[in-house]
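Dumped start28.cif below, it's mmCIF, C-alpha atoms:
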data_input
loop_
_atom_site.label_atom_id
_atom_site.label_comp_id
_atom_site.auth_asym_id
_atom_site.auth_seq_id
_atom_site.Cartn_x
_atom_site.Cartn_y
_atom_site.Cartn_z
CA MET U 837 -10.85 12.17 -29.21
CA TYR U 838 -8.62 14.28 -26.96
CA LEU U 839 -9.52 15.56 -23.52
CA GLU U 840 -9.49 19.17 -24.77
CA GLU U 841 -12.40 18.21 -27.05
CA LEU U 842 -14.38 16.44 -24.31
CA GLY U 843 -13.87 19.25 -21.79
CA GLU U 844 -13.92 19.29 -18.00
CA HIS U 845 -17.69 19.05 -17.59
CA GLY U 846 -17.92 16.35 -20.22
CA LEU U 847 -15.40 14.32 -18.24
CA ILE U 848 -17.30 14.91 -14.99
CA ARG U 849 -20.51 13.61 -16.61
CA ARG U 850 -18.56 10.63 -17.91
CA ILE U 851 -17.35 9.86 -14.38
CA GLN U 852 -20.84 10.35 -12.87
CA LYS U 853 -22.33 7.74 -15.19
CA ARG U 854 -19.62 5.22 -14.37
CA PHE U 855 -19.49 5.65 -10.59
CA LYS U 856 -23.08 5.46 -9.36
CA SER U 857 -23.49 4.31 -5.76
CA LYS U 858 -26.48 3.02 -3.80
CA ASP U 859 -24.79 3.68 -0.46
CA ARG U 860 -27.50 5.32 1.70
CA SER U 861 -24.95 7.18 3.82
CA ILE U 862 -24.09 9.33 0.78
CA VAL U 863 -26.41 12.36 0.83
CA VAL U 864 -24.69 14.25 -2.01
CA GLY U 865 -22.07 12.71 -4.28
CA ILE U 866 -20.33 13.67 -7.52
CA GLY U 867 -21.43 16.89 -9.22
CA ASP U 868 -21.89 19.46 -6.44
CA ASP U 869 -19.39 21.75 -4.71
CA ALA U 870 -18.79 19.17 -2.00
CA ALA U 871 -19.95 15.71 -1.01
CA ILE U 872 -22.16 15.11 2.01
CA ILE U 873 -22.10 11.85 3.93
CA ASN U 874 -23.80 10.68 7.11
CA PRO U 875 -21.15 8.81 9.13
CA SER U 876 -22.19 6.02 11.48
CA PRO U 877 -22.61 7.45 15.01
CA ASP U 878 -20.84 4.52 16.70
CA LYS U 879 -17.75 4.62 14.47
CA SER U 880 -14.66 6.77 14.01
CA LEU U 881 -13.92 8.26 10.59
CA ILE U 882 -10.35 7.69 9.36
CA ILE U 883 -8.91 9.58 6.40
CA SER U 884 -5.77 9.15 4.30
CA THR U 885 -4.51 10.93 1.21
CA ASP U 886 -1.78 10.11 -1.31
CA THR U 887 -0.36 11.39 -4.58
CA LEU U 888 0.87 9.49 -7.62
CA ARG U 889 2.87 11.60 -10.04
CA GLU U 890 4.18 10.56 -13.44
CA ASP U 891 7.96 10.00 -13.54
CA ILE U 892 8.10 10.10 -9.74
CA HIS U 893 5.80 7.23 -8.76
CA PHE U 894 5.20 5.60 -12.13
CA LYS U 895 6.36 5.55 -15.73
CA LYS U 896 3.81 5.10 -18.50
CA ASN U 897 6.01 2.63 -20.36
CA PHE U 898 5.60 0.26 -17.37
CA PHE U 899 2.06 1.10 -16.23
CA SER U 900 -1.11 0.87 -18.31
CA PRO U 901 -3.71 3.60 -17.64
CA SER U 902 -5.74 1.02 -15.73
CA ASP U 903 -2.73 0.12 -13.57
CA ILE U 904 -2.21 3.80 -12.73
CA GLY U 905 -5.82 4.20 -11.61
CA TRP U 906 -5.70 1.01 -9.56
CA LYS U 907 -2.48 1.86 -7.74
CA ALA U 908 -3.51 5.45 -7.00
CA VAL U 909 -6.43 4.12 -4.96
CA ALA U 910 -4.55 1.14 -3.52
CA VAL U 911 -1.92 3.21 -1.72
CA SER U 912 -4.57 5.15 0.22
CA VAL U 913 -6.66 2.05 0.91
CA SER U 914 -3.56 0.40 2.39
CA ASP U 915 -3.24 3.25 4.91
CA ILE U 916 -6.82 2.60 6.03
CA ALA U 917 -5.98 -1.12 6.34
CA ALA U 918 -2.97 -0.26 8.52
CA MET U 919 -5.31 1.41 11.02
CA GLY U 920 -7.64 -1.59 11.01
CA GLY U 921 -10.39 0.30 9.20
CA ILE U 922 -12.92 -0.43 6.47
CA PRO U 923 -12.51 1.82 3.39
CA ARG U 924 -15.82 3.47 2.45
CA PHE U 925 -15.47 6.62 0.33
CA LEU U 926 -13.05 7.99 -2.25
CA LEU U 927 -12.19 11.49 -3.47
CA LEU U 928 -10.19 11.51 -6.71
CA SER U 929 -8.35 14.48 -8.20
CA ILE U 930 -6.87 14.18 -11.69
CA ALA U 931 -4.44 16.54 -13.41
CA VAL U 932 -3.65 15.63 -17.03
CA PRO U 933 -2.37 17.40 -20.18
CA ASP U 934 -5.13 18.59 -22.53
CA LYS U 935 -3.72 16.42 -25.33
CA THR U 936 -4.44 13.27 -23.33
CA ILE U 937 -6.47 10.74 -25.30
CA VAL U 938 -9.92 10.16 -23.78
CA LYS U 939 -9.40 6.40 -24.20
CA ASP U 940 -6.49 6.64 -21.74
CA ILE U 941 -8.68 8.51 -19.25
CA ASP U 942 -11.30 5.78 -19.62
CA GLY U 943 -8.59 3.20 -18.93
CA LEU U 944 -7.47 5.07 -15.83
CA LEU U 945 -11.07 5.24 -14.58
CA ASN U 946 -11.44 1.51 -15.27
CA GLY U 947 -8.59 0.85 -12.84
CA VAL U 948 -10.19 3.11 -10.23
CA LYS U 949 -13.52 1.35 -10.77
CA ASP U 950 -12.01 -2.14 -10.52
CA ILE U 951 -10.32 -1.63 -7.17
CA SER U 952 -13.26 0.42 -5.82
CA THR U 953 -15.60 -2.46 -6.67
CA LEU U 954 -13.25 -5.02 -5.10
CA TYR U 955 -13.16 -3.14 -1.78
CA ASP U 956 -16.72 -1.75 -1.97
CA ILE U 957 -15.63 1.90 -2.03
CA ALA U 958 -17.86 4.70 -3.35
CA LEU U 959 -16.36 7.56 -5.37
CA ILE U 960 -18.10 10.68 -3.99
CA GLY U 961 -16.22 13.54 -5.66
CA GLY U 962 -12.88 15.09 -6.51
CA ASN U 963 -11.34 17.58 -8.90
CA ILE U 964 -10.17 17.79 -12.51
CA SER U 965 -7.35 20.04 -13.67
CA ARG U 966 -5.06 20.58 -16.64
CA SER U 967 -1.42 19.66 -16.24
CA LYS U 968 1.43 21.17 -18.24
CA LYS U 969 3.43 17.98 -17.92
CA GLY U 970 2.47 14.42 -17.03
CA ILE U 971 -0.34 12.85 -15.04
CA THR U 972 -0.93 13.46 -11.35
CA LEU U 973 -3.53 11.64 -9.28
CA ASP U 974 -4.49 12.60 -5.73
CA THR U 975 -6.64 10.15 -3.79
CA THR U 976 -8.31 10.63 -0.44
CA VAL U 977 -9.91 7.55 1.07
CA MET U 978 -12.23 7.74 4.06
CA GLY U 979 -12.85 4.69 6.18
CA GLU U 980 -14.62 3.63 9.34
CA LEU U 981 -13.75 1.60 12.40
CA PRO U 982 -15.42 1.01 15.76
CA LYS U 983 -14.52 3.77 18.21
CA GLY U 984 -11.40 3.02 20.23
CA LYS U 985 -10.16 0.23 17.96
CA GLY U 986 -7.78 2.11 15.68
CA ARG U 987 -4.31 0.55 15.50
CA LEU U 988 -1.46 3.07 15.72
CA ARG U 989 2.30 2.97 15.18
CA SER U 990 2.96 4.03 18.76
CA GLY U 991 1.71 1.07 20.82
CA ALA U 992 4.61 -1.41 20.71
CA SER U 993 6.27 -2.40 24.01
CA VAL U 994 9.44 -4.30 24.95
CA GLY U 995 8.75 -8.03 24.63
CA ASP U 996 6.09 -7.73 21.92
CA LEU U 997 6.41 -10.06 18.93
CA ILE U 998 6.80 -8.72 15.38
CA TYR U 999 4.76 -10.19 12.52
CA VAL U 1000 4.26 -9.45 8.85
CA THR U 1001 1.50 -10.51 6.46
CA GLY U 1002 2.21 -12.17 3.12
CA ILE U 1003 5.53 -11.92 1.28
CA VAL U 1004 7.91 -8.95 1.27
CA GLY U 1005 10.20 -7.84 -1.54
CA SER U 1006 7.98 -8.90 -4.45
CA SER U 1007 7.06 -5.37 -5.54
CA ALA U 1008 10.65 -4.08 -5.65
CA ILE U 1009 11.76 -7.20 -7.53
CA GLY U 1010 8.86 -6.69 -9.94
CA LEU U 1011 10.03 -3.13 -10.58
CA SER U 1012 13.59 -4.35 -11.14
CA LEU U 1013 12.29 -6.83 -13.71
CA LEU U 1014 10.29 -4.13 -15.49
CA LYS U 1015 13.47 -2.10 -15.87
CA SER U 1016 15.36 -5.04 -17.36
CA SER U 1017 15.04 -6.63 -20.79
CA PHE U 1018 14.95 -10.07 -19.17
CA VAL U 1019 11.26 -9.90 -18.39
CA TYR U 1020 10.40 -9.33 -22.04
CA SER U 1021 12.72 -12.01 -23.42
CA THR U 1022 11.83 -14.66 -20.83
CA PRO U 1023 8.24 -14.20 -19.62
CA SER U 1024 7.00 -16.66 -16.99
CA LEU U 1025 4.33 -17.09 -14.34
CA SER U 1026 6.88 -16.13 -11.69
CA THR U 1027 7.85 -12.85 -13.38
CA SER U 1028 4.24 -11.90 -14.15
CA GLN U 1029 3.21 -12.42 -10.51
CA LEU U 1030 6.10 -10.29 -9.24
CA ILE U 1031 5.30 -7.52 -11.71
CA SER U 1032 1.60 -7.64 -10.89
CA THR U 1033 2.45 -7.13 -7.21
CA HIS U 1034 4.14 -3.87 -8.16
CA LEU U 1035 1.56 -2.62 -10.67
CA ARG U 1036 -1.65 -3.66 -8.90
CA PRO U 1037 -1.03 -4.19 -5.17
CA LEU U 1038 -3.74 -5.68 -2.98
CA PRO U 1039 -4.07 -3.83 0.35
CA LYS U 1040 -4.57 -6.16 3.31
CA VAL U 1041 -7.91 -4.76 4.47
CA ASN U 1042 -9.37 -7.99 5.87
CA GLU U 1043 -6.20 -8.76 7.80
CA GLY U 1044 -6.24 -5.27 9.30
CA ILE U 1045 -9.88 -5.61 10.32
CA ILE U 1046 -9.13 -8.89 12.12
CA LEU U 1047 -6.22 -7.35 14.01
CA SER U 1048 -8.34 -4.34 15.01
CA LYS U 1049 -11.55 -6.19 15.83
CA ASN U 1050 -9.76 -8.68 18.09
CA LYS U 1051 -7.46 -6.01 19.58
CA LEU U 1052 -4.44 -8.13 18.69
CA ALA U 1053 -2.06 -5.60 17.16
CA THR U 1054 -0.34 -3.33 19.66
CA ALA U 1055 1.19 -1.32 16.78
CA MET U 1056 0.73 -1.56 13.01
CA ILE U 1057 1.90 0.01 9.75
CA ASP U 1058 1.69 -0.85 6.06
CA ILE U 1059 4.94 -1.57 4.23
CA SER U 1060 5.21 1.24 1.71
CA ASP U 1061 8.78 2.46 2.26
CA GLY U 1062 10.46 -0.90 2.94
CA LEU U 1063 10.42 -3.37 5.83
CA LEU U 1064 13.26 -1.68 7.71
CA ALA U 1065 12.06 1.88 7.14
CA ASP U 1066 8.54 1.06 8.28
CA LEU U 1067 9.77 -0.97 11.25
CA SER U 1068 11.85 2.07 12.23
CA HIS U 1069 8.66 4.19 12.12
CA ILE U 1070 7.06 1.86 14.69
CA CYS U 1071 10.23 1.89 16.79
CA ASP U 1072 10.54 5.69 16.67
CA GLN U 1073 6.94 6.35 17.62
CA SER U 1074 6.83 3.59 20.24
CA LYS U 1075 10.29 4.57 21.60
CA VAL U 1076 11.60 1.00 21.32
CA GLY U 1077 14.13 -1.08 19.38
CA ALA U 1078 13.81 -4.42 17.57
CA ASN U 1079 15.55 -7.67 16.72
CA ILE U 1080 14.53 -9.27 13.43
CA TYR U 1081 15.55 -12.75 12.31
CA ARG U 1082 17.16 -12.83 8.89
CA ASP U 1083 15.98 -16.30 7.97
CA LEU U 1084 12.38 -15.82 9.10
CA ILE U 1085 11.60 -12.94 6.73
CA PRO U 1086 9.14 -14.30 4.11
CA LEU U 1087 10.73 -13.76 0.68
CA PRO U 1088 9.33 -14.54 -2.78
CA ASP U 1089 10.22 -17.96 -4.17
CA ILE U 1090 12.35 -17.10 -7.21
CA HIS U 1091 13.87 -19.66 -9.58
CA LEU U 1092 17.67 -19.63 -9.91
CA LYS U 1093 17.78 -18.26 -13.47
CA LEU U 1094 15.71 -15.25 -12.48
CA LYS U 1095 17.61 -14.75 -9.23
CA LYS U 1096 20.88 -14.46 -11.14
CA ARG U 1097 19.48 -11.56 -13.16
CA LEU U 1098 18.68 -9.46 -10.10
CA ALA U 1099 21.10 -6.72 -9.08
CA LYS U 1100 20.63 -7.56 -5.39
CA GLU U 1101 19.70 -10.52 -3.21
CA PRO U 1102 15.93 -10.91 -2.58
CA LEU U 1103 16.53 -9.99 1.08
CA PHE U 1104 17.76 -6.54 0.02
CA TYR U 1105 14.54 -5.86 -1.89
CA ALA U 1106 12.49 -6.98 1.12
CA LEU U 1107 14.38 -4.78 3.57
CA TYR U 1108 14.79 -1.65 1.46
CA GLY U 1109 12.48 -1.92 -1.57
CA GLY U 1110 9.03 -0.93 -0.34
CA GLU U 1111 5.59 -0.81 -1.98
CA ASP U 1112 4.64 -4.30 -0.82
CA TYR U 1113 1.62 -2.90 1.06
CA GLU U 1114 1.70 -5.81 3.48
CA LEU U 1115 1.00 -5.16 7.16
CA LEU U 1116 3.81 -5.06 9.71
CA PHE U 1117 2.52 -5.33 13.27
CA THR U 1118 3.34 -6.23 16.85
CA ILE U 1119 1.40 -8.33 19.37
CA LYS U 1120 1.68 -9.36 23.01
CA LYS U 1121 3.39 -12.73 23.53
CA ARG U 1122 0.30 -14.07 25.27
CA ASP U 1123 -1.75 -13.53 22.08
CA ARG U 1124 0.49 -15.57 19.78
CA GLU U 1125 -1.60 -18.76 19.73
CA LYS U 1126 -4.84 -16.81 19.34
CA LEU U 1127 -3.42 -14.76 16.46
CA GLU U 1128 -2.06 -17.74 14.55
CA ALA U 1129 -5.25 -19.76 15.04
CA ILE U 1130 -7.46 -16.95 13.71
CA PHE U 1131 -5.28 -16.32 10.67
CA LYS U 1132 -4.94 -20.03 9.91
CA LYS U 1133 -8.72 -20.39 9.98
CA LYS U 1134 -9.03 -17.50 7.51
CA SER U 1135 -6.17 -18.87 5.32
CA PHE U 1136 -4.28 -15.58 5.62
CA ASP U 1137 -0.49 -15.80 5.68
CA ILE U 1138 1.41 -14.23 8.56
CA THR U 1139 5.01 -14.77 9.68
CA PHE U 1140 6.76 -14.14 12.99
CA ILE U 1141 9.99 -12.24 12.24
CA GLY U 1142 11.26 -10.77 15.52
CA GLU U 1143 10.78 -9.11 18.89
CA ILE U 1144 10.56 -5.59 20.24
CA THR U 1145 13.52 -4.62 22.45
CA SER U 1146 14.64 -1.55 24.36
CA LYS U 1147 15.27 1.68 22.48
CA ASP U 1148 19.00 1.51 23.27
CA ASN U 1149 19.25 -1.72 21.27
CA GLY U 1150 18.33 0.00 18.00
CA ILE U 1151 17.25 -2.29 15.16
CA ARG U 1152 19.39 -5.42 14.84
CA MET U 1153 19.47 -8.33 12.42
CA VAL U 1154 19.91 -11.78 13.97
CA GLY U 1155 21.79 -14.26 11.75
CA ILE U 1156 21.66 -18.06 11.71
CA ASP U 1157 24.63 -18.12 14.09
CA GLY U 1158 22.76 -15.94 16.58
CA ASN U 1159 25.03 -12.96 16.06
CA LYS U 1160 23.29 -9.59 16.11
CA ARG U 1161 24.34 -6.58 14.11
CA ILE U 1162 22.87 -3.11 13.92
CA ILE U 1163 21.32 -2.39 10.54
CA ARG U 1164 20.58 0.93 8.88
CA PRO U 1165 16.82 1.48 8.55
CA GLY U 1166 17.08 3.07 5.09
CA GLY U 1167 14.09 2.84 2.75
CA PHE U 1168 12.35 5.35 0.53
CA ASP U 1169 12.24 9.09 1.26
CA HIS U 1170 11.01 11.60 -1.34
CA PHE U 1171 13.54 14.26 -0.39
CA ILE U 1172 16.57 12.29 0.80
CA SER U 1173 16.63 9.68 -1.99
CA LYS U 1174 19.25 10.54 -4.59
CA SER U 1175 16.72 10.21 -7.37
CA GLY U 1176 14.47 12.78 -5.71
CA GLY U 1177 11.77 10.15 -5.40
CA LYS U 1178 11.06 6.58 -6.35
CA ILE U 1179 10.93 6.07 -10.10
CA CYS U 1180 8.36 3.38 -10.75
#
Show me, as structure tokens, the structure contained in the file I just sent.
Amino acid sequence: MYLEELGEHGLIRRIQKRFKSKDRSIVVGIGDDAAIINPSPDKSLIISTDTLREDIHFKKNFFSPSDIGWKAVAVSVSDIAAMGGIPRFLLLSIAVPDKTIVKDIDGLLNGVKDISTLYDIALIGGNISRSKKGITLDTTVMGELPKGKGRLRSGASVGDLIYVTGIVGSSAIGLSLLKSSFVYSTPSLSTSQLISTHLRPLPKVNEGIILSKNKLATAMIDISDGLLADLSHICDQSKVGANIYRDLIPLPDIHLKLKKRLAKEPLFYALYGGEDYELLFTIKKRDREKLEAIFKKKSFDITFIGEITSKDNGIRMVGIDGNKRIIRPGGFDHFISKSGGKIC
């Protein structure tokens, strides 16, 4: 069955049945002109919106419908994590061609449902529209955090330490593998993990909550555009510079045969690739032991990678020999990138 046979209202009813919520703060959910929620009086509401568009952010020969639905939600959830918030509610807008197979829509909704269940997010509404070409998903995620505890990009100061969660570069390497024939001729656990990082990222919500709750992060951002680009966002808004240590950046462990097939060194993908959705943050030096003890207890990976310096310093890479060189922030930009946007 095609979507033109099911119709808009048939699809809405299909979504209503699948996304029922028992959240008592939802007064009115899917099906009316607007949703109504009762926010907690002692918390701030944080909101983020993102768009995933076919042939700009994803290609259907790489992404299953479920992967598309998952990632559309993940990118907005990651923004909530970067503020230290708890994601609560989701608005989802879908624009698809009328010849889209309903089975593919069901697959897309499965991905949305899977990640919403994982992070305990309630779908409360959205919009459905016909598209003349390709699929477009718009997601708006609303989250909560205790008043006064939001982590911003603008709080870093000279002398602060720079940390990152997890591993960086995996997503961009996964995309590179998807574009090559190597992944299909030589599948392995290593390649599947790298590809999964790109297709179905896991926003670092719990890590963000810890950093917010304990007031540890002085500045924070999620790595969506690349380590250097997102570090430059912190530096620009905090009016500071940074030194990062080349050999401290946590890179994926890639076997030699796979490494030889990559167009660039793993470090390049970490610095410029993006879409890792890890958290990049700064802390006061005095909080280093406290930070590392808390994260060790929770078994969450974090790595010290540098220090905040004066604005005049710019962003510099420190090599093994101690030499420092200025590096170009670079990273992804929809309008400056030669491709006109990242082709995933």
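Among the candidates U:Leu928, U:Leu945, U:Leu1103, U:Ile882, the residue lying nearest to Gly905 in chain U is U:Leu945 (atoms considered: only C-alpha atoms).
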>> For the PyMOL selection byres ((chain U and resi 1139) around 8), applied here, can you spell out every residue it catches as number ranges by chain?
In response: U: 999-1002, 1084-1086, 1137-1138, 1140-1141
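Among the candidates U:Asp996, U:Asp886, U:Glu980, U:Asp859, the residue lying nearest to Ser1048 in chain U is U:Glu980 (atoms considered: only C-alpha atoms).
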Residue IDs satisfying the PyMOL selection byres ((chain U and resi 1025-1032) around 12), as an mmCIF file with C-alpha atoms, keeping the file's coordinate frame:
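Output file result_26.cif is given in full below:
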data_model
loop_
_atom_site.group_PDB
_atom_site.id
_atom_site.type_symbol
_atom_site.label_atom_id
_atom_site.label_comp_id
_atom_site.auth_asym_id
_atom_site.auth_seq_id
_atom_site.Cartn_x
_atom_site.Cartn_y
_atom_site.Cartn_z
ATOM 1 C CA PHE U 898 5.600 0.260 -17.370
ATOM 2 C CA PHE U 899 2.060 1.100 -16.230
ATOM 3 C CA SER U 900 -1.110 0.870 -18.310
ATOM 4 C CA ASP U 903 -2.730 0.120 -13.570
ATOM 5 C CA TRP U 906 -5.700 1.010 -9.560
ATOM 6 C CA LYS U 907 -2.480 1.860 -7.740
ATOM 7 C CA ILE U 1003 5.530 -11.920 1.280
ATOM 8 C CA VAL U 1004 7.910 -8.950 1.270
ATOM 9 C CA GLY U 1005 10.200 -7.840 -1.540
ATOM 10 C CA SER U 1006 7.980 -8.900 -4.450
ATOM 11 C CA SER U 1007 7.060 -5.370 -5.540
ATOM 12 C CA ALA U 1008 10.650 -4.080 -5.650
ATOM 13 C CA ILE U 1009 11.760 -7.200 -7.530
ATOM 14 C CA GLY U 1010 8.860 -6.690 -9.940
ATOM 15 C CA LEU U 1011 10.030 -3.130 -10.580
ATOM 16 C CA SER U 1012 13.590 -4.350 -11.140
ATOM 17 C CA LEU U 1013 12.290 -6.830 -13.710
ATOM 18 C CA LEU U 1014 10.290 -4.130 -15.490
ATOM 19 C CA LYS U 1015 13.470 -2.100 -15.870
ATOM 20 C CA SER U 1016 15.360 -5.040 -17.360
ATOM 21 C CA PHE U 1018 14.950 -10.070 -19.170
ATOM 22 C CA VAL U 1019 11.260 -9.900 -18.390
ATOM 23 C CA TYR U 1020 10.400 -9.330 -22.040
ATOM 24 C CA SER U 1021 12.720 -12.010 -23.420
ATOM 25 C CA THR U 1022 11.830 -14.660 -20.830
ATOM 26 C CA PRO U 1023 8.240 -14.200 -19.620
ATOM 27 C CA SER U 1024 7.000 -16.660 -16.990
ATOM 28 C CA THR U 1033 2.450 -7.130 -7.210
ATOM 29 C CA HIS U 1034 4.140 -3.870 -8.160
ATOM 30 C CA LEU U 1035 1.560 -2.620 -10.670
ATOM 31 C CA ARG U 1036 -1.650 -3.660 -8.900
ATOM 32 C CA PRO U 1037 -1.030 -4.190 -5.170
ATOM 33 C CA LEU U 1038 -3.740 -5.680 -2.980
ATOM 34 C CA LEU U 1087 10.730 -13.760 0.680
ATOM 35 C CA PRO U 1088 9.330 -14.540 -2.780
ATOM 36 C CA ASP U 1089 10.220 -17.960 -4.170
ATOM 37 C CA ILE U 1090 12.350 -17.100 -7.210
ATOM 38 C CA HIS U 1091 13.870 -19.660 -9.580
ATOM 39 C CA LEU U 1092 17.670 -19.630 -9.910
ATOM 40 C CA LYS U 1093 17.780 -18.260 -13.470
ATOM 41 C CA LEU U 1094 15.710 -15.250 -12.480
ATOM 42 C CA LYS U 1095 17.610 -14.750 -9.230
ATOM 43 C CA ARG U 1097 19.480 -11.560 -13.160
ATOM 44 C CA LEU U 1098 18.680 -9.460 -10.100
ATOM 45 C CA PRO U 1102 15.930 -10.910 -2.580
ATOM 46 C CA GLU U 1111 5.590 -0.810 -1.980
ATOM 47 C CA ASP U 1112 4.640 -4.300 -0.820
ATOM 48 C CA CYS U 1180 8.360 3.380 -10.750
#
>> Applying the PyMOL selection byres ((chain U and resi 888) around 7) to the file I just gave you, which residues come out? Please list them as a ChimeraX atom specification.
In response: /U:886-887,889-890,893,908,972-974
> Smallest atom-to-atom distance to Leu881 in chain U: which of U:Met1056, U:Ile1144, U:Ile922, U:Val913, using all atoms listed in the file?
Replying inline: U:Ile922
>> Here is a test: counting all atoms listed in the file, which residue of U:Val938, U:Leu959, U:Pro982, U:Arg966 is nearest to Asp878 in chain U?
In response: U:Pro982
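Nearest residue to Asp1066 in chain U among U:Pro1165, U:Asn1042, U:Leu997, U:Gly1142 is U:Pro1165, counting all atoms listed in the file.
Of note, CA of Ser965 in chain U and CA of Ser952 in chain U are spaced 21.9 Å apart.
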> With distances taken over only C-alpha atoms, which of U:Gly961, U:Gly1109, U:Gly986, U:Pro901 is nearest to Ile937 in chain U?
Replying inline: U:Pro901
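Straight-line separation from CA of Asp1061 in chain U to CA of Gly921 in chain U: 20.5 Å.
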Which residues come within 12 Å of Leu842 in chain U, counting only C-alpha atoms, excluding same-chain residues fewer than 4 positions away, as a tab-separated table (two decimals) with C-alpha atoms, in the frame of the given file?
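Saved as selection-v8.tsv:
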chain	number	residue	atom	x	y	z
U	837	MET	CA	-10.85	12.17	-29.21
U	838	TYR	CA	-8.62	14.28	-26.96
U	846	GLY	CA	-17.92	16.35	-20.22
U	847	LEU	CA	-15.40	14.32	-18.24
U	848	ILE	CA	-17.30	14.91	-14.99
U	849	ARG	CA	-20.51	13.61	-16.61
U	850	ARG	CA	-18.56	10.63	-17.91
U	934	ASP	CA	-5.13	18.59	-22.53
U	935	LYS	CA	-3.72	16.42	-25.33
U	936	THR	CA	-4.44	13.27	-23.33
U	937	ILE	CA	-6.47	10.74	-25.30
U	938	VAL	CA	-9.92	10.16	-23.78
U	939	LYS	CA	-9.40	6.40	-24.20
U	941	ILE	CA	-8.68	8.51	-19.25
>> What's the separation between CA of Tyr1113 in chain U and CA of Val1076 in chain U, in Å to one decimal place?
In response: 22.9 Å
Could you build a table of the residues in range 1034-1085 of chain U lying no more than 6 Å from range 1117-1136 of chain U, giving for each the nearest pair of atoms and their separation in Å rounded to one decimal place, using all atoms listed in the file, ordered by chain and ascending residue number, as CSV?
residue,atom,partner,partner_atom,distance
U:Leu1052,CA,U:Ile1119,CA,5.9
U:Ala1053,CA,U:Ile1119,CA,4.9
U:Thr1054,CA,U:Ile1119,CA,5.3
U:Ala1055,CA,U:Thr1118,CA,5.4
U:Met1056,CA,U:Phe1117,CA,4.2
Please tabulate, as a Markdown table, the residues of range 1039-1080 of chain U that come within 12 Å of range 987-995 of chain U, each with its closest pair of atoms and the distance in Å to one decimal, counting only C-alpha atoms and ordering rows by chain, then residue number upward.
| residue | atom | partner | partner_atom | distance |
| --- | --- | --- | --- | --- |
| U:Gly1044 | CA | U:Arg987 | CA | 8.7 |
| U:Ile1045 | CA | U:Arg987 | CA | 9.8 |
| U:Ile1046 | CA | U:Arg987 | CA | 11.1 |
| U:Leu1047 | CA | U:Arg987 | CA | 8.3 |
| U:Ser1048 | CA | U:Arg987 | CA | 6.4 |
| U:Lys1049 | CA | U:Arg987 | CA | 9.9 |
| U:Asn1050 | CA | U:Arg987 | CA | 11.0 |
| U:Lys1051 | CA | U:Arg987 | CA | 8.3 |
| U:Leu1052 | CA | U:Arg987 | CA | 9.2 |
| U:Ala1053 | CA | U:Arg987 | CA | 6.8 |
| U:Thr1054 | CA | U:Gly991 | CA | 5.0 |
| U:Ala1055 | CA | U:Arg989 | CA | 4.7 |
| U:Met1056 | CA | U:Arg989 | CA | 5.3 |
| U:Ile1057 | CA | U:Arg989 | CA | 6.2 |
| U:Asp1058 | CA | U:Arg989 | CA | 9.9 |
| U:Asp1066 | CA | U:Arg989 | CA | 9.5 |
| U:Leu1067 | CA | U:Arg989 | CA | 9.3 |
| U:Ser1068 | CA | U:Arg989 | CA | 10.0 |
| U:His1069 | CA | U:Arg989 | CA | 7.2 |
| U:Ile1070 | CA | U:Arg989 | CA | 4.9 |
| U:Cys1071 | CA | U:Ala992 | CA | 7.6 |
| U:Asp1072 | CA | U:Ser990 | CA | 8.0 |
| U:Gln1073 | CA | U:Ser990 | CA | 4.7 |
| U:Ser1074 | CA | U:Ser990 | CA | 4.2 |
| U:Lys1075 | CA | U:Ser990 | CA | 7.9 |
| U:Val1076 | CA | U:Val994 | CA | 6.8 |
| U:Gly1077 | CA | U:Val994 | CA | 8.0 |
| U:Ala1078 | CA | U:Val994 | CA | 8.6 |
| U:Asn1079 | CA | U:Gly995 | CA | 10.4 |
> Could you pull the residues within 9 Å of Ile862 in chain U, counting all atoms listed in the file, minus those fewer than 6 positions along the same chain, as a PyMOL selection string?
Replying inline: chain U and resi 871-875+958+960
